[in-house]
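K.L.:
There's a structure below that I have some questions on.
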Protein chains: 2
Amino acid sequence: MAQQAVTPLSEDVSKWYNEIIYRADMAAPSPVRGCVIIKPYGYEVWEAIRNGLDRRFKATGHQNAYFPLFIPESYLRREAEHVEGFSPELAVVTIGGGKELEEPLVVRPTSETIIGEAFSLWIQSYRDLPLLINQWANVVRWELRTRPFLRTAEFLWQEGHTAHATHDEAQFETLQMLDIYADFAINEAAIPVIKGQKSENEKFAGALRTYTIEGMMRDGKALQSGTSHNLGQNFAKAFNIKYLSRENVEELCWTTSWGLSTRMVGAIVLAHGDDKGLRLPPMVAPIQVVLLPIYKTEEERAAVESAVSRIAAELKAAGIRIHVDNREETPGFKFNDWEMRGVPVRMEIGPKDVANNNAVLARRDIPGRDGKRFVSQDGIVNAVRDLLTEVQANLLADATAFRDSRIHDVSTYDEFKQVIEADGWARAWWAGEDVRGSVDEARVKEDTGASLRCFPLDQPGGSGKCFLTGKTADRVALFARAY
Amino acid sequence: MAQQAVTPLSEDVSKWYNEIIYRADMAAPSPVRGCVIIKPYGYEVWEAIRNGLDRRFKATGHQNAYFPLFIPESYLRREAEHVEGFSPELAVVTIGGGKELEEPLVVRPTSETIIGEAFSLWIQSYRDLPLLINQWANVVRWELRTRPFLRTAEFLWQEGHTAHATHDEAQFETLQMLDIYADFAINEAAIPVIKGQKSENEKFAGALRTYTIEGMMRDGKALQSGTSHNLGQNFAKAFNIKYLSRENVEELCWTTSWGLSTRMVGAIVLAHGDDKGLRLPPMVAPIQVVLLPIYKTEEERAAVESAVSRIAAELKAAGIRIHVDNREETPGFKFNDWEMRGVPVRMEIGPKDVANNNAVLARRDIPGRDGKRFVSQDGIVNAVRDLLTEVQANLLADATAFRDSRIHDVSTYDEFKQVIEADGWARAWWAGEDVRGSVDEARVKEDTGASLRCFPLDQPGGSGKCFLTGKTADRVALFARAY
């Protein structure tokens, strides 16, 4: 079995990404334009994301449901901005059961419209509020330029949809779900995302306000990793979502929606990778510990394999996701392979370890000798658990240090350009035009390739001079090149 | 809030089913032809099914993956029987991103073809076998007559797809997965399904052999609740799925597929319901115990609610799915409501119970006084757990007794007709024509409405006289009217 090194990330992130996704067996190309096959090693990362979020959604009172894949075309037209935003990206079913359909059916690009229609029927009175629904589903957006996980014509996601009696309750929900996304990203995906509000130009088609978590990838680019929208009364008006108040007055609801997709798998790859391949945070890694039996003679083999099986069983019983690599390859081949696939901890057991009742633990995040330690086979479960916790924390610390080294406060457009050119993020006072189609944002994009990622929720306060317009600004914005 | 009784099941099962699905809030109508919205109370049953199966799939070495929703139309044509079977039911995307597509894309009705294509690329040598993949996904079949859960244009399911080196390994897998379905159906859904093999006429389009689990519904009809197919080398030939053997010879693989869908939610409803509504087996019930605080005065209320909260917290901590009903409705209203929704155990706590450190447990499966018991609040978690176990076992025993009372051995066509007419299943020696389009099966169907559900795996052995053809038969078949 030949073993080729991947293109080093430090050389070409884009090439590295495309190679590693397939080499690590996270995805495979598919014969369908713009779609990939998510293979088990990628799907298990998605399952970890799914479990981490689903638990949080349920703990905050949300319930899962499932709405039809197909949406009557006329529904999308009811909210003017929404249809404008999604029309160019639609896949349309025109034939069903051998016959041309009277009304074409759109394959959902997102479900605000069909869920809005349902909510209008389900909600009668204030007693039915808040209505807190989430759906795990596939959606389709006919993208021209696609990349595995980051942008594909079909992707998997969850989309939350809620209805509330007041603006403030909807706003609370919008920010609560943003917090949940950030909490997951930071504490499980080990990505120190920044929470912020999108500009009018970048907000969701049909929203009052859009919030985002933005993660920094290893090339310094930003990746929007989850969004939460306060939809105001836009969809409530379009779909007639009303309730009778306590005072028996008919009122329009306030709605929200929020989504996070398989894009997060790509974010995890791009936020932590290094020249040798993936580095998966233990909490989302399909395999947390790979066990390698190391021996030369058949006699050694029996003793080593017996120790490995016993330890494997102990770790498994403790809920640790393990894999025993019994392939007939050299230890060197296996080291490289599991390094490339980003398994957080490698355990080696050889004849000497058996004799000494030891095992070697090598961590993926710290290369070479520094990352190795001998541990006793007694109490090995705790040693492994502690090490996984350390690796998890270290990946977050590492990504945070990387992020902080690349975010720069700038006050002039020249400084701004330098930061962006050096693959950094520029934080600056901003008083540019804040409308859809903003000429100021368009200018910055054209000049530098950077877009306004968000107005961070964490603001310095006070005011300052806008680096572009020179006007007095009351908030800072984060700009970066983005995926 | 008005409360209407559902049509009694004993009066009209079909009407009862359509009413209870919506009244119990398991589903809601959707604006899309043939599709329903699965509401949280129905979706949580599906989640229980999903968890129960997923655990079993993983324990037997299967891994989840995800394949594209869209399949190039040409793929379906590669396996002749397959395309014939599915062509009339296809939904077809002809427009993407505003443009007519060069090759139309079919919305998957099942994924043998696109997965077959992938397997042909992934499998090189015997070392890659067996390949054991499962996918949780939505599929679309353009059905003309639809019913919530039982038959809808879009439904959710899992589809397993595996490739093996030999016929025997594929056959072992096919039967192993059938066993897993049966184990789940019997031990979690409390449906005493019968395992059997489909006739040539009823087998999957493209399979060598199809196996099924058949459940008896409360109207005596059969519901095919899961199927497992030995696909032989049909798809391997059509998609060129080959491997190099240990002896370095190129060989065709043997493949299997197996699926179970949201239809199982309908099976659970129809296998256990009674005149008052649903009866959900505890293992799949979204709410296992509903707690009703009962009081008249504000003073009583405080004491009762405090006891209820404490017990609710204890049960929840023990992993029991509970709901506290604090609505401002009469106890009578609530009893009827939760009875209709099939919650296995109702707990009532009133002022006297608080004084006596007691609670009342009422089980859904045994109505009236006989199903009630007083328990001490001390050790209530164990009392509840035991009762849930009893309810689970009793629902299975009840369904089994019902099933056994309705299955009759027959030896003449007259007896056969009587059994079917009385909403039973007929078990009989069968030597009718066993081909697709069997005239003998067609005749029985036309005469009686019954179809050949399966040749049960559990056979009496020996031989007997076929009730229809008079020929000597070496196996018995089960016939019934079916959903």
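In the structure tokens, chains take letters A, B, ... by order of appearance, with residues numbered from 1 within each chain and ligands from 1 in the order shown.
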Need the shell around region 283-299 of chain A: protein/DNA/RNA residues with any atom at most 6 Å away, counting only C-alpha atoms. Skip same-chain ones fewer than 2 positions apart. Format as a PyMOL selection string?

P.N.:
chain A and resi 44-45+48+188+280-281+301-302+321-325+343-350

K.L.:
Deliver the residues from the most recent selection as a file, using C-alpha atoms, as a PDB file, in the first residue's frame.

P.N.:
ATOM      1  CA  GLU A  44     -19.436  10.539  12.323  1.00  0.00           C
ATOM      2  CA  VAL A  45     -18.130  14.057  12.841  1.00  0.00           C
ATOM      3  CA  ALA A  48     -21.132  14.361  16.966  1.00  0.00           C
ATOM      4  CA  GLU A 188     -16.881  20.851  21.437  1.00  0.00           C
ATOM      5  CA  LEU A 280      -9.703  16.434  15.255  1.00  0.00           C
ATOM      6  CA  PRO A 281     -10.866  17.684  18.649  1.00  0.00           C
ATOM      7  CA  ARG A 301       2.273 -10.861  19.018  1.00  0.00           C
ATOM      8  CA  ALA A 302       0.192 -13.053  21.306  1.00  0.00           C
ATOM      9  CA  ARG A 321     -14.348   5.816  20.963  1.00  0.00           C
ATOM     10  CA  ILE A 322     -11.468   3.521  20.057  1.00  0.00           C
ATOM     11  CA  HIS A 323     -10.128   1.619  17.097  1.00  0.00           C
ATOM     12  CA  VAL A 324      -7.602  -1.198  17.131  1.00  0.00           C
ATOM     13  CA  ASP A 325      -5.437  -1.139  14.014  1.00  0.00           C
ATOM     14  CA  VAL A 343      -6.952  10.854  15.642  1.00  0.00           C
ATOM     15  CA  PRO A 344      -6.293  12.782  18.887  1.00  0.00           C
ATOM     16  CA  VAL A 345      -4.435  10.045  20.775  1.00  0.00           C
ATOM     17  CA  ARG A 346      -2.406   7.078  19.592  1.00  0.00           C
ATOM     18  CA  MET A 347      -1.634   4.255  21.984  1.00  0.00           C
ATOM     19  CA  GLU A 348       1.294   1.984  21.255  1.00  0.00           C
ATOM     20  CA  ILE A 349       1.853  -1.260  23.054  1.00  0.00           C
ATOM     21  CA  GLY A 350       4.926  -3.383  22.399  1.00  0.00           C
TER      22      GLY A 350
END

K.L.:
Check every residue of chain B for an atom within 6 Å of chain A, counting only C-alpha atoms, and provide those that qualify as a PDB file with C-alpha atoms, in the first residue's frame.

P.N.:
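Wrote it out as out_12.pdb, contents follow:
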ATOM      1  CA  ILE B  37     -45.811  17.144   8.386  1.00  0.00           C
ATOM      2  CA  ILE B  38     -44.460  14.911  11.128  1.00  0.00           C
ATOM      3  CA  LYS B  39     -45.170  16.791  14.343  1.00  0.00           C
ATOM      4  CA  PRO B  40     -43.019  16.420  17.478  1.00  0.00           C
ATOM      5  CA  TYR B  43     -41.281  12.529  15.336  1.00  0.00           C
ATOM      6  CA  GLN B  63     -21.394   2.675   9.638  1.00  0.00           C
ATOM      7  CA  ASN B  64     -23.563   5.599   8.611  1.00  0.00           C
ATOM      8  CA  ALA B  65     -22.884   7.635   5.498  1.00  0.00           C
ATOM      9  CA  TYR B  66     -24.853  10.007   3.323  1.00  0.00           C
ATOM     10  CA  PHE B  67     -25.384   9.828  -0.434  1.00  0.00           C
ATOM     11  CA  PRO B  88     -44.055   5.062 -12.324  1.00  0.00           C
ATOM     12  CA  GLU B  89     -43.312   6.569  -8.906  1.00  0.00           C
ATOM     13  CA  LEU B  90     -40.550   9.042  -9.675  1.00  0.00           C
ATOM     14  CA  ALA B  91     -40.324  12.751  -8.963  1.00  0.00           C
ATOM     15  CA  VAL B  92     -37.964  14.359 -11.436  1.00  0.00           C
ATOM     16  CA  VAL B  93     -35.948  17.570 -11.193  1.00  0.00           C
ATOM     17  CA  ILE B  95     -34.583  22.664 -13.685  1.00  0.00           C
ATOM     18  CA  GLY B  96     -31.545  23.682 -11.628  1.00  0.00           C
ATOM     19  CA  GLY B  97     -30.314  27.198 -10.983  1.00  0.00           C
ATOM     20  CA  TRP B 142     -45.059   9.421  -6.136  1.00  0.00           C
TER      21      TRP B 142
END

K.L.:
Which residue gives the smallest distance to Met217 (chain B) among B:Asp378, B:Glu79, B:Asp440, B:Asp274, with only C-alpha atoms counted?

P.N.:
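Closest residue, counting only C-alpha atoms: B:Asp274.
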
K.L.:
At most 12 Å is the cut-off: for each residue in region 189-218 of chain A with any atom that close to an atom of region 251-255 of chain A, write down the nearest atom pair and the distance in Å rounded to one decimal, counting only C-alpha atoms, chain first then increasing number, as a Markdown table.

P.N.:
| residue | atom | partner | partner_atom | distance |
| --- | --- | --- | --- | --- |
| A:Gly206 | CA | A:Thr255 | CA | 11.2 |
| A:Ala207 | CA | A:Thr255 | CA | 9.5 |
| A:Leu208 | CA | A:Thr255 | CA | 9.9 |
| A:Arg209 | CA | A:Thr255 | CA | 11.4 |

K.L.:
For the residues selected in the previous step, produce a file with N, CA and C atoms as a PDB file, in the first residue's frame.

P.N.:
ATOM      1  N   GLY A 206     -34.923  38.234   4.042  1.00  0.00           N
ATOM      2  CA  GLY A 206     -36.224  38.225   4.706  1.00  0.00           C
ATOM      3  C   GLY A 206     -36.119  38.468   6.203  1.00  0.00           C
ATOM      4  N   ALA A 207     -34.909  38.606   6.711  1.00  0.00           N
ATOM      5  CA  ALA A 207     -34.734  38.781   8.159  1.00  0.00           C
ATOM      6  C   ALA A 207     -34.730  40.258   8.546  1.00  0.00           C
ATOM      7  N   LEU A 208     -35.066  40.473   9.818  1.00  0.00           N
ATOM      8  CA  LEU A 208     -34.927  41.796  10.406  1.00  0.00           C
ATOM      9  C   LEU A 208     -33.453  41.985  10.781  1.00  0.00           C
ATOM     10  N   ARG A 209     -32.912  40.984  11.474  1.00  0.00           N
ATOM     11  CA  ARG A 209     -31.507  41.001  11.879  1.00  0.00           C
ATOM     12  C   ARG A 209     -30.948  39.584  11.794  1.00  0.00           C
TER      13      ARG A 209
END

K.L.:
Give the answer as one residue: which of A:Ile420, A:Leu395, A:Ala473, A:Ile186 has the shortest atom-to-atom distance to Glu433 (chain A), using only C-alpha atoms?

P.N.:
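Nearest to Glu433 (chain A): A:Ala473.
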
K.L.:
Need the shell around Val444 (chain A): protein/DNA/RNA residues with any atom at most 12 Å away, counting only C-alpha atoms. Skip same-chain ones fewer than 5 positions apart. Format as a list in words?

P.N.:
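The filter keeps Tyr413, Asp414, Phe416, Lys417, Ile420, Ala426, Trp430, Gly432, Glu433, Ser438, Val439, Gly449, Ala450, Ser451, Leu452, Phe467, Leu468, Thr469, Phe479, Ala480 and Arg481 of chain A.
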
K.L.:
Residues at most 8 Å from Pro8 (chain B), counting only C-alpha atoms, excluding those fewer than 2 positions away in the same chain, as a PyMOL selection string?

P.N.:
chain B and resi 6+10-13+16+274-277

K.L.:
Determine which residues of region 162-381 of chain A receive a DSSP assignment of alpha helix (DSSP H), computed from the backbone, and state them as an NGL selection string.

P.N.:
:A and (167-187 or 234-239 or 263-272 or 298-317 or 331-340 or 351-356 or 380-381)

K.L.:
From the options B:Ile407, B:Ile311, B:Met340, B:Leu231, which residue's atoms come nearest to Val384 (chain B), counting only C-alpha atoms?

P.N.:
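Of the candidates, the smallest distance to Val384 (chain B) is held by B:Ile311.
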
K.L.:
Would you please extract all strand (DSSP E or B) residues from region 188-326 of chain A, as assigned by DSSP on the backbone, and give them as a PyMOL selection string?

P.N.:
chain A and resi 194-197+209-216+222-230+242-244+250-252+254-261+274+277+289-293+322-324

K.L.:
Would you write out those residues with N, CA and C atoms, as a tab-separated table (two decimals), in the first residue's frame?

P.N.:
chain	number	residue	atom	x	y	z
A	194	ILE	N	-16.34	34.00	16.81
A	194	ILE	CA	-16.72	35.33	17.29
A	194	ILE	C	-18.18	35.55	16.94
A	195	LYS	N	-18.95	35.96	17.95
A	195	LYS	CA	-20.37	36.22	17.74
A	195	LYS	C	-20.56	37.66	17.27
A	196	GLY	N	-21.41	37.83	16.28
A	196	GLY	CA	-21.65	39.19	15.82
A	196	GLY	C	-22.93	39.31	15.03
A	197	GLN	N	-23.23	40.54	14.65
A	197	GLN	CA	-24.43	40.80	13.86
A	197	GLN	C	-24.00	41.09	12.42
A	209	ARG	N	-32.91	40.98	11.47
A	209	ARG	CA	-31.51	41.00	11.88
A	209	ARG	C	-30.95	39.58	11.79
A	210	THR	N	-29.71	39.48	11.32
A	210	THR	CA	-29.05	38.18	11.28
A	210	THR	C	-27.81	38.22	12.17
A	211	TYR	N	-27.65	37.18	12.98
A	211	TYR	CA	-26.45	37.03	13.81
A	211	TYR	C	-25.66	35.84	13.32
A	212	THR	N	-24.38	35.88	13.56
A	212	THR	CA	-23.50	34.85	13.00
A	212	THR	C	-22.43	34.45	14.00
A	213	ILE	N	-21.92	33.23	13.84
A	213	ILE	CA	-20.65	32.90	14.49
A	213	ILE	C	-19.63	32.75	13.36
A	214	GLU	N	-18.52	33.49	13.51
A	214	GLU	CA	-17.48	33.47	12.48
A	214	GLU	C	-16.23	32.80	13.04
A	215	GLY	N	-15.76	31.81	12.32
A	215	GLY	CA	-14.56	31.10	12.76
A	215	GLY	C	-13.38	31.45	11.86
A	216	MET	N	-12.18	31.47	12.46
A	216	MET	CA	-11.00	31.72	11.62
A	216	MET	C	-10.37	30.40	11.21
A	222	ALA	N	-12.23	33.75	6.96
A	222	ALA	CA	-13.37	33.58	7.87
A	222	ALA	C	-14.33	32.57	7.29
A	223	LEU	N	-14.93	31.79	8.18
A	223	LEU	CA	-15.99	30.87	7.76
A	223	LEU	C	-17.22	31.12	8.63
A	224	GLN	N	-18.28	31.57	7.99
A	224	GLN	CA	-19.56	31.72	8.69
A	224	GLN	C	-20.04	30.32	9.04
A	225	SER	N	-20.16	30.05	10.36
A	225	SER	CA	-20.35	28.66	10.78
A	225	SER	C	-21.73	28.36	11.34
A	226	GLY	N	-22.56	29.38	11.41
A	226	GLY	CA	-23.92	29.19	11.92
A	226	GLY	C	-24.57	30.56	11.96
A	227	THR	N	-25.88	30.61	11.68
A	227	THR	CA	-26.53	31.92	11.71
A	227	THR	C	-27.87	31.81	12.44
A	228	SER	N	-28.25	32.91	13.05
A	228	SER	CA	-29.51	32.98	13.80
A	228	SER	C	-30.21	34.28	13.41
A	229	HIS	N	-31.46	34.13	12.97
A	229	HIS	CA	-32.17	35.29	12.41
A	229	HIS	C	-33.39	35.69	13.23
A	230	ASN	N	-33.46	36.96	13.56
A	230	ASN	CA	-34.73	37.52	14.04
A	230	ASN	C	-35.48	37.94	12.79
A	242	LYS	N	-50.79	34.52	13.12
A	242	LYS	CA	-51.41	35.41	14.09
A	242	LYS	C	-51.84	34.65	15.34
A	243	TYR	N	-51.99	35.39	16.43
A	243	TYR	CA	-52.50	34.77	17.65
A	243	TYR	C	-53.45	35.72	18.36
A	244	LEU	N	-54.36	35.12	19.13
A	244	LEU	CA	-55.25	35.93	19.97
A	244	LEU	C	-54.55	36.16	21.30
A	250	GLU	N	-56.32	40.16	18.15
A	250	GLU	CA	-55.52	39.43	17.18
A	250	GLU	C	-54.21	40.17	16.92
A	251	GLU	N	-53.11	39.44	17.06
A	251	GLU	CA	-51.79	40.07	16.89
A	251	GLU	C	-50.95	39.23	15.93
A	252	LEU	N	-50.02	39.88	15.25
A	252	LEU	CA	-49.06	39.15	14.42
A	252	LEU	C	-47.97	38.55	15.31
A	254	TRP	N	-44.05	37.12	16.08
A	254	TRP	CA	-42.66	37.44	15.74
A	254	TRP	C	-41.95	36.10	15.59
A	255	THR	N	-41.20	35.93	14.52
A	255	THR	CA	-40.60	34.61	14.31
A	255	THR	C	-39.07	34.70	14.20
A	256	THR	N	-38.44	33.55	14.41
A	256	THR	CA	-36.98	33.45	14.26
A	256	THR	C	-36.67	32.20	13.44
A	257	SER	N	-35.48	32.14	12.89
A	257	SER	CA	-34.97	30.88	12.36
A	257	SER	C	-33.46	30.87	12.54
A	258	TRP	N	-32.89	29.68	12.60
A	258	TRP	CA	-31.46	29.54	12.88
A	258	TRP	C	-30.99	28.20	12.34
A	259	GLY	N	-29.80	28.22	11.76
A	259	GLY	CA	-29.33	27.01	11.09
A	259	GLY	C	-27.84	26.80	11.21
A	260	LEU	N	-27.48	25.55	11.26
A	260	LEU	CA	-26.07	25.15	11.26
A	260	LEU	C	-26.00	23.86	10.44
A	261	SER	N	-24.98	23.76	9.60
A	261	SER	CA	-24.98	22.70	8.59
A	261	SER	C	-23.70	21.86	8.63
A	274	ASP	N	-3.04	20.71	10.17
A	274	ASP	CA	-1.65	21.14	10.05
A	274	ASP	C	-1.03	20.43	8.84
A	277	GLY	N	-1.94	16.80	8.23
A	277	GLY	CA	-3.31	16.35	8.00
A	277	GLY	C	-4.30	16.94	8.99
A	289	VAL	N	-9.12	7.38	20.24
A	289	VAL	CA	-7.85	6.72	20.53
A	289	VAL	C	-7.68	5.55	19.57
A	290	VAL	N	-6.55	5.54	18.85
A	290	VAL	CA	-6.26	4.37	18.03
A	290	VAL	C	-5.19	3.55	18.75
A	291	LEU	N	-5.41	2.26	18.83
A	291	LEU	CA	-4.48	1.37	19.54
A	291	LEU	C	-3.66	0.58	18.53
A	292	LEU	N	-2.35	0.68	18.67
A	292	LEU	CA	-1.46	-0.03	17.76
A	292	LEU	C	-0.66	-1.11	18.49
A	293	PRO	N	-0.94	-2.35	18.21
A	293	PRO	CA	-0.12	-3.44	18.75
A	293	PRO	C	1.19	-3.47	17.96
A	322	ILE	N	-12.79	4.07	20.37
A	322	ILE	CA	-11.47	3.52	20.06
A	322	ILE	C	-11.48	2.71	18.77
A	323	HIS	N	-10.29	2.51	18.24
A	323	HIS	CA	-10.13	1.62	17.10
A	323	HIS	C	-8.80	0.88	17.27
A	324	VAL	N	-8.83	-0.43	17.08
A	324	VAL	CA	-7.60	-1.20	17.13
A	324	VAL	C	-7.14	-1.44	15.69
